[in-house]
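Peer 1: Structure: start_15.txt, compact mmCIF, C-alpha atoms.
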```
# COMPACT_ATOMS: atom_id res chain seq x y z
CA MET A 1 -16.91 -1.89 9.93
CA VAL A 2 -20.32 -2.44 11.45
CA THR A 3 -23.67 -0.66 11.59
CA PHE A 4 -24.05 -1.28 15.32
CA LEU A 5 -22.97 2.08 16.73
CA CYS A 6 -22.60 1.28 20.41
CA ILE A 7 -19.65 3.27 21.71
CA SER A 8 -17.60 1.43 24.32
CA LEU A 9 -15.88 3.17 27.19
CA LEU A 10 -12.41 2.16 26.07
CA SER A 11 -10.22 4.89 24.61
CA CYS A 12 -6.63 4.75 23.52
CA HIS A 13 -5.66 6.68 26.65
CA ASN A 14 -6.84 3.83 28.90
CA TYR A 15 -4.37 1.19 27.84
CA LYS A 16 -1.77 0.09 30.35
CA LYS A 17 1.59 1.73 29.97
CA THR A 18 4.31 -0.23 28.27
CA PRO A 19 7.12 -1.59 30.48
CA ALA A 20 9.39 0.84 32.27
CA GLY A 21 11.76 2.60 29.93
CA LYS A 22 9.57 1.95 26.87
CA ASN A 23 6.91 4.64 27.29
CA ASP A 24 8.84 6.88 24.92
CA ALA A 25 9.50 4.13 22.38
CA PRO A 26 9.38 5.27 18.75
CA ALA A 27 6.47 4.30 16.51
CA ILE A 28 6.60 0.74 15.27
CA ASN A 29 7.65 -0.36 11.81
CA HIS A 30 4.83 -1.81 9.67
CA SER A 31 7.10 -3.58 7.17
CA ILE A 32 5.88 -7.09 8.08
CA TRP A 33 2.29 -6.10 7.42
CA ASN A 34 3.33 -4.35 4.21
CA GLU A 35 5.04 -7.55 3.05
CA LEU A 36 2.01 -9.72 3.85
CA LEU A 37 -0.41 -7.37 2.10
CA ALA A 38 1.74 -7.16 -1.03
CA GLU A 39 1.81 -10.97 -1.22
CA ASN A 40 -1.84 -11.69 -0.43
CA VAL A 41 -4.01 -8.82 -1.69
CA ASP A 42 -4.32 -8.19 -5.42
CA SER A 43 -4.71 -4.91 -7.29
CA VAL A 44 -8.52 -4.96 -7.06
CA GLY A 45 -8.61 -5.84 -3.36
CA ILE A 46 -9.27 -9.60 -3.53
CA VAL A 47 -7.76 -11.17 -0.42
CA ASN A 48 -5.94 -14.51 -0.48
CA TYR A 49 -6.75 -15.70 3.02
CA GLU A 50 -5.17 -19.08 2.34
CA GLY A 51 -1.94 -17.22 1.66
CA PHE A 52 -2.26 -15.48 5.01
CA ILE A 53 -2.80 -18.88 6.64
CA GLN A 54 0.44 -20.10 5.07
CA LYS A 55 2.20 -17.07 6.54
CA GLN A 56 0.32 -17.15 9.84
CA SER A 57 3.48 -17.16 11.95
CA ARG A 58 4.58 -13.98 10.20
CA LEU A 59 1.17 -12.42 10.77
CA GLU A 60 1.26 -13.38 14.44
CA GLU A 61 4.68 -11.73 14.71
CA TYR A 62 3.17 -8.48 13.48
CA LEU A 63 0.09 -8.78 15.69
CA ASP A 64 2.36 -9.37 18.68
CA LEU A 65 4.25 -6.20 17.77
CA LEU A 66 0.97 -4.28 17.71
CA SER A 67 -0.18 -5.78 21.00
CA HIS A 68 2.99 -4.92 22.90
CA HIS A 69 3.67 -1.46 21.44
CA PRO A 70 0.53 0.69 21.64
CA PRO A 71 0.82 4.35 20.67
CA SER A 72 2.37 6.65 23.23
CA PRO A 73 1.66 10.39 23.65
CA GLN A 74 5.01 11.13 22.00
CA TRP A 75 3.89 9.64 18.69
CA SER A 76 2.71 12.02 15.99
CA GLU A 77 -0.94 12.10 14.91
CA ALA A 78 -0.03 10.32 11.67
CA GLU A 79 1.90 7.61 13.54
CA LYS A 80 -1.05 6.92 15.81
CA LEU A 81 -3.59 6.91 13.00
CA ALA A 82 -1.52 4.58 10.81
CA TYR A 83 -1.08 2.23 13.78
CA TRP A 84 -4.82 1.98 14.50
CA ILE A 85 -5.87 1.55 10.86
CA ASN A 86 -3.30 -1.21 10.37
CA ALA A 87 -4.31 -2.82 13.65
CA TYR A 88 -7.97 -2.93 12.66
CA ASN A 89 -7.19 -4.46 9.29
CA ALA A 90 -4.63 -6.96 10.57
CA PHE A 91 -6.82 -8.24 13.41
CA THR A 92 -9.74 -8.52 10.94
CA VAL A 93 -7.59 -10.79 8.78
CA LYS A 94 -6.74 -12.80 11.90
CA VAL A 95 -10.38 -13.40 12.83
CA ILE A 96 -11.15 -14.57 9.29
CA ILE A 97 -8.24 -17.02 9.03
CA ASP A 98 -8.88 -18.30 12.56
CA ASN A 99 -12.39 -19.26 11.38
CA TYR A 100 -11.73 -19.88 7.68
CA ARG A 101 -13.78 -20.04 5.49
CA PRO A 102 -16.97 -18.15 6.49
CA ARG A 103 -19.33 -17.01 3.73
CA SER A 104 -19.38 -13.67 5.50
CA ILE A 105 -17.73 -12.14 8.54
CA ARG A 106 -21.25 -11.85 9.95
CA ASP A 107 -21.39 -15.65 10.08
CA LEU A 108 -19.05 -15.30 13.07
CA ASN A 109 -21.62 -13.34 15.10
CA THR A 110 -22.94 -16.39 16.97
CA ILE A 111 -20.75 -15.91 20.02
CA PRO A 112 -22.36 -16.43 23.45
CA GLY A 113 -22.48 -13.19 25.41
CA VAL A 114 -21.11 -11.06 22.54
CA ALA A 115 -23.30 -8.84 20.35
CA THR A 116 -21.24 -9.36 17.17
CA ILE A 117 -17.79 -10.54 16.14
CA TRP A 118 -16.79 -6.87 16.19
CA HIS A 119 -17.45 -6.80 19.95
CA LYS A 120 -15.45 -9.93 20.80
CA GLU A 121 -12.26 -9.09 22.71
CA PHE A 122 -10.03 -11.59 20.95
CA PHE A 123 -6.74 -9.66 21.21
CA THR A 124 -4.93 -7.32 23.56
CA ILE A 125 -3.37 -3.88 23.15
CA GLY A 126 -0.93 -2.81 25.82
CA GLY A 127 -2.07 -5.64 28.07
CA GLU A 128 -5.77 -4.71 27.85
CA PRO A 129 -8.45 -6.84 26.14
CA ALA A 130 -9.60 -5.14 22.95
CA SER A 131 -12.06 -5.56 20.09
CA LEU A 132 -12.50 -4.28 16.55
CA ASP A 133 -15.49 -2.24 17.72
CA GLN A 134 -13.33 -0.47 20.28
CA ILE A 135 -10.70 0.42 17.68
CA GLU A 136 -13.28 1.76 15.23
CA HIS A 137 -15.72 3.60 17.49
CA SER A 138 -13.81 4.44 20.68
CA ILE A 139 -10.51 5.30 19.04
CA LEU A 140 -10.59 6.02 15.30
CA ARG A 141 -13.95 7.83 15.29
CA ARG A 142 -13.62 9.44 18.70
CA GLU A 143 -9.94 10.37 18.87
CA PHE A 144 -9.42 11.56 15.28
CA ASP A 145 -11.36 14.06 13.18
CA GLU A 146 -10.73 12.04 10.02
CA PRO A 147 -13.72 10.63 8.09
CA ARG A 148 -11.40 8.99 5.55
CA ILE A 149 -10.77 6.22 8.06
CA HIS A 150 -14.03 4.74 6.75
CA PHE A 151 -12.31 4.19 3.38
CA ALA A 152 -9.22 2.65 4.98
CA ILE A 153 -10.50 0.08 7.48
CA ASN A 154 -11.71 -3.14 5.91
CA CYS A 155 -14.51 -5.40 7.16
CA ALA A 156 -13.58 -8.42 5.00
CA SER A 157 -16.65 -7.86 2.80
CA LYS A 158 -17.16 -7.15 -0.90
CA SER A 159 -18.96 -3.84 -0.41
CA CYS A 160 -16.40 -2.58 2.07
CA PRO A 161 -13.66 -0.25 0.81
CA VAL A 162 -10.90 -2.51 -0.47
CA LEU A 163 -8.08 -3.70 1.73
CA ARG A 164 -5.10 -1.75 0.42
CA ASN A 165 -2.21 -3.97 -0.64
CA GLU A 166 0.29 -1.94 1.31
CA ALA A 167 0.50 -0.91 4.96
CA TYR A 168 -0.47 2.58 6.03
CA THR A 169 2.58 4.54 7.10
CA PRO A 170 2.92 7.97 8.67
CA GLN A 171 5.02 9.21 5.75
CA LYS A 172 2.42 8.26 3.11
CA LEU A 173 -0.76 8.45 5.16
CA GLU A 174 -2.22 11.61 3.64
CA SER A 175 -1.85 10.42 0.06
CA GLN A 176 -3.02 6.91 1.00
CA LEU A 177 -6.23 8.16 2.62
CA THR A 178 -6.98 10.46 -0.32
CA SER A 179 -6.33 7.63 -2.77
CA GLN A 180 -8.67 5.33 -0.84
CA ALA A 181 -11.44 7.94 -0.83
CA GLN A 182 -11.12 8.58 -4.56
CA ARG A 183 -11.01 4.88 -5.35
CA PHE A 184 -14.05 4.08 -3.20
CA LEU A 185 -16.16 6.75 -4.89
CA ARG A 186 -15.30 5.70 -8.43
CA GLU A 187 -16.03 1.97 -7.97
CA PRO A 188 -19.60 1.23 -9.23
CA LEU A 189 -19.98 -1.79 -6.95
CA ARG A 190 -19.74 0.60 -3.99
CA ASN A 191 -20.94 3.99 -5.29
CA GLN A 192 -22.67 5.11 -8.49
CA ILE A 193 -22.25 8.81 -9.12
CA THR A 194 -23.58 11.23 -11.73
CA ALA A 195 -23.96 14.99 -11.45
CA GLU A 196 -27.72 14.71 -10.85
CA GLU A 197 -27.94 11.49 -8.85
CA VAL A 198 -25.75 9.59 -6.40
CA LYS A 199 -26.34 6.05 -5.24
CA LEU A 200 -24.04 5.69 -2.28
CA SER A 201 -22.62 3.02 -0.08
CA PRO A 202 -24.60 2.67 3.17
CA ILE A 203 -21.37 3.70 4.90
CA PHE A 204 -22.34 7.29 4.11
CA SER A 205 -25.64 6.73 5.92
CA TRP A 206 -24.36 4.70 8.87
CA PHE A 207 -21.63 7.25 9.65
CA LYS A 208 -23.21 10.38 8.19
CA GLU A 209 -22.36 12.44 11.25
CA ASP A 210 -18.65 11.93 10.54
CA PHE A 211 -18.95 13.18 6.96
CA ILE A 212 -21.08 16.28 7.65
CA ARG A 213 -19.12 17.59 10.61
CA HIS A 214 -17.60 20.41 8.53
CA SER A 215 -19.73 20.44 5.37
CA THR A 216 -22.79 19.00 3.69
CA LEU A 217 -22.53 15.42 2.48
CA ILE A 218 -22.39 16.47 -1.18
CA GLU A 219 -19.67 19.03 -0.40
CA TYR A 220 -17.70 16.28 1.28
CA LEU A 221 -18.19 13.90 -1.65
CA ASN A 222 -17.10 16.53 -4.14
CA GLN A 223 -13.64 16.59 -2.60
CA TYR A 224 -13.03 13.05 -3.91
CA ALA A 225 -15.76 12.19 -6.45
CA PRO A 226 -14.80 11.51 -10.09
CA ILE A 227 -17.24 14.22 -11.24
CA GLN A 228 -18.74 17.24 -9.50
CA ILE A 229 -22.12 16.49 -7.98
CA GLN A 230 -24.86 19.10 -8.06
CA ASP A 231 -25.97 20.50 -4.71
CA ASP A 232 -29.55 19.33 -5.36
CA ALA A 233 -28.60 15.86 -6.58
CA ASN A 234 -30.83 13.01 -5.50
CA ILE A 235 -29.21 10.77 -2.87
CA SER A 236 -30.06 7.11 -2.29
CA TYR A 237 -28.19 4.14 -0.87
CA LEU A 238 -27.16 0.81 -2.38
CA ASP A 239 -27.49 -2.58 -0.77
CA TYR A 240 -24.42 -3.83 1.10
CA ASP A 241 -22.81 -7.11 0.06
CA TRP A 242 -21.37 -8.79 3.15
CA SER A 243 -19.90 -11.74 1.18
CA LEU A 244 -16.28 -12.50 1.98
CA ASN A 245 -13.83 -10.46 -0.11
CA ASP A 246 -11.81 -13.44 -1.32
CA GLN A 247 -13.47 -13.68 -4.72
CA PRO A 248 -14.38 -11.14 -7.44
```
Rewrite the coordinates I just gave you, this time as structure tokens.

Peer 2:
Amino acid sequence: MVTFLCISLLSCHNYKKTPAGKNDAPAINHSIWNELLAENVDSVGIVNYEGFIQKQSRLEEYLDLLSHHPPSPQWSEAEKLAYWINAYNAFTVKVIIDNYRPRSIRDLNTIPGVATIWHKEFFTIGGEPASLDQIEHSILRREFDEPRIHFAINCASKSCPVLRNEAYTPQKLESQLTSQAQRFLREPLRNQITAEEVKLSPIFSWFKEDFIRHSTLIEYLNQYAPIQIQDDANISYLDYDWSLNDQP
């Protein structure tokens, strides 16, 4: 996740078609990613990147699956959304372990000709170069009317919503997204909420337009907050800790 809001021209409709006879292929299975997350992410979201390094061949197997099987029009909305959330998170893990151990993902921004690490096209989807920025801004935010994606994608940082220790799947997606939203709002490191005052993650400022598309910000928060917030509550924003999420 990144505050730089440049929207690239890539959309999920622009990827090259899969090989002949595979355009109608069913949605992929995320069991490899589920296995890796269960082994290397604890209950509070601390990531064992060294564990991912030890299982790098398994991770690359999953990333290869993602690269060669992009969503097709025949996939359901939930299948597409689960694919893109998992892809963002899995390729984020890849960029961290490929450069392990940075103090922060932002330490990887010193790339000639690239604005940030989020803009580096270090993988392919359907034969086309792709970046984390493209997945987040040109696909997840543009193609889906679903603000809860901001609680599901993980930027490898302490203040980011935690990396869930299971893969997102079409069958469980609705409950997973709701669970992530509720968890994010009740964690005092990320949000501090009382009825009269809310100190929010900057995510709610950076992407405010996504959260107020169908309601006020407080109305949106009250769908998932641990207590009901008053309409006239004071709103401020916390600092964001970009330290790597591999320690408490």

Peer 1: Counting only C-alpha atoms, figure out which residue out of A:Glu197, A:Glu77, A:Asp98, A:Glu146 gets nearest to Gln56 of chain A.

Peer 2: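 Going through A:Glu197, A:Glu77, A:Asp98, A:Glu146 one by one, the smallest distance to Gln56 of chain A is for A:Asp98.
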
Peer 1: Could you tell me how far atom CA of Cys160 of chain A sits from atom CA of Pro102 of chain A, in Å to one decimal place?

Peer 2: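 Those two atoms sit 16.2 Å apart.
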
Peer 1: Give one line per residue of segment 157-197 of chain A that approaches segment 219-240 of chain A to at most 10 Å, naming the two atoms of the closest pair and their distance in Å to one decimal, counting only C-alpha atoms; sort by chain then ascending residue number and deliver it as a tab-separated table.

Peer 2:
```
residue	atom	partner	partner_atom	distance
A:Ser157	CA	A:Tyr240	CA	8.9
A:Lys158	CA	A:Tyr240	CA	8.2
A:Ser159	CA	A:Tyr240	CA	5.7
A:Cys160	CA	A:Tyr240	CA	8.2
A:Thr178	CA	A:Tyr224	CA	7.5
A:Ser179	CA	A:Tyr224	CA	8.7
A:Gln180	CA	A:Tyr224	CA	9.4
A:Ala181	CA	A:Tyr224	CA	6.2
A:Gln182	CA	A:Tyr224	CA	4.9
A:Arg183	CA	A:Tyr224	CA	8.5
A:Phe184	CA	A:Ala225	CA	8.9
A:Leu185	CA	A:Ala225	CA	5.7
A:Arg186	CA	A:Pro226	CA	6.1
A:Glu187	CA	A:Pro226	CA	9.8
A:Leu189	CA	A:Leu238	CA	8.9
A:Arg190	CA	A:Leu238	CA	7.6
A:Asn191	CA	A:Leu238	CA	7.6
A:Gln192	CA	A:Leu238	CA	8.7
A:Ile193	CA	A:Ile227	CA	7.7
A:Thr194	CA	A:Ile229	CA	6.6
A:Ala195	CA	A:Ile229	CA	4.2
A:Glu196	CA	A:Ala233	CA	4.5
A:Glu197	CA	A:Asn234	CA	4.7
```

Peer 1: Which residues are near Asp24 of chain A? Cut-off 9 Å, only C-alpha atoms, ignore same chain within fewer than 3 positions. Put them as a PyMOL selection string.

Peer 2: chain A and resi 21+72-75

Peer 1: Could you check the closest approach to Arg148 of chain A for each of A:Phe204, A:Asp42, A:Pro248, A:Ala27 and tell me which residue wins, using all atoms listed in the file?

Peer 2: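 With all atoms listed in the file as the atom set, the closest residue is A:Phe204.
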
Peer 1: Specify the axis-aligned box that encloses all atoms of segment 66-74 of chain A listed in the file after padding of 8 Å on each side, stating its centre and edge lengths in Å to one decimal as JSON.

Peer 2:
```
{"center_x": 2.4, "center_y": 2.7, "center_z": 20.7, "size_x": 21.2, "size_y": 32.9, "size_z": 21.9}
```

Peer 1: For the atom pair atom CA of Arg141 of chain A and atom CA of Glu209 of chain A, what is the interatomic distance in Å to one decimal place?

Peer 2: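 Separation of atom CA of Arg141 of chain A and atom CA of Glu209 of chain A: 10.4 Å.
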
Peer 1: I'd like the neighbourhood of Glu39 of chain A as a VMD selection string, where a residue qualifies if any of its atoms comes within 9 Å (using all atoms listed in the file), though same-chain residues fewer than 6 positions away should be ignored.

Peer 2: chain A and resid 48 51 to 52 165

Peer 1: Find the distance between atom CA of Ser104 of chain A and atom CA of Ile46 of chain A and write it in Å to one decimal.

Peer 2: 14.2 Å

Peer 1: Mind checking which residues fall within 7 Å of Asn154 of chain A, counting all atoms listed in the file, ignoring those fewer than 3 positions away in the same chain, and posting them as JSON, numbers by chain?

Peer 2: {"A": [1, 89, 160, 161, 162, 163]}

Peer 1: Could you dump the residues just selected with C-alpha atoms as a PDB file, keeping the file's coordinate frame?

Peer 2:
```
ATOM      1  CA  MET A   1     -16.910  -1.890   9.930  1.00  0.00           C
ATOM      2  CA  ASN A  89      -7.190  -4.460   9.290  1.00  0.00           C
ATOM      3  CA  CYS A 160     -16.400  -2.580   2.070  1.00  0.00           C
ATOM      4  CA  PRO A 161     -13.660  -0.250   0.810  1.00  0.00           C
ATOM      5  CA  VAL A 162     -10.900  -2.510  -0.470  1.00  0.00           C
ATOM      6  CA  LEU A 163      -8.080  -3.700   1.730  1.00  0.00           C
TER       7      LEU A 163
END
```

Peer 1: So that I can see what lies close to segment 106-120 of chain A, please list as a list in words the residues with an atom at most 6 Å from it, counting only C-alpha atoms and leaving out residues fewer than 3 positions away in the same chain.

Peer 2: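 The filter keeps Ser131, Leu132 and Asp133 of chain A.
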
Peer 1: Determine the nearest neighbour of Arg164 of chain A from the options A:Leu63, A:Leu244, A:Ile212, A:Ile85, counting all atoms listed in the file.

Peer 2: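 Between A:Leu63, A:Leu244, A:Ile212, A:Ile85, the residue approaching Arg164 of chain A most closely is A:Ile85.
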
Peer 1: Select, from A:Gln134, A:Asn245, A:Ser43, A:Asn99, the residue with the minimum atom-to-atom distance to Ala156 of chain A, counting only C-alpha atoms.

Peer 2: A:Asn245
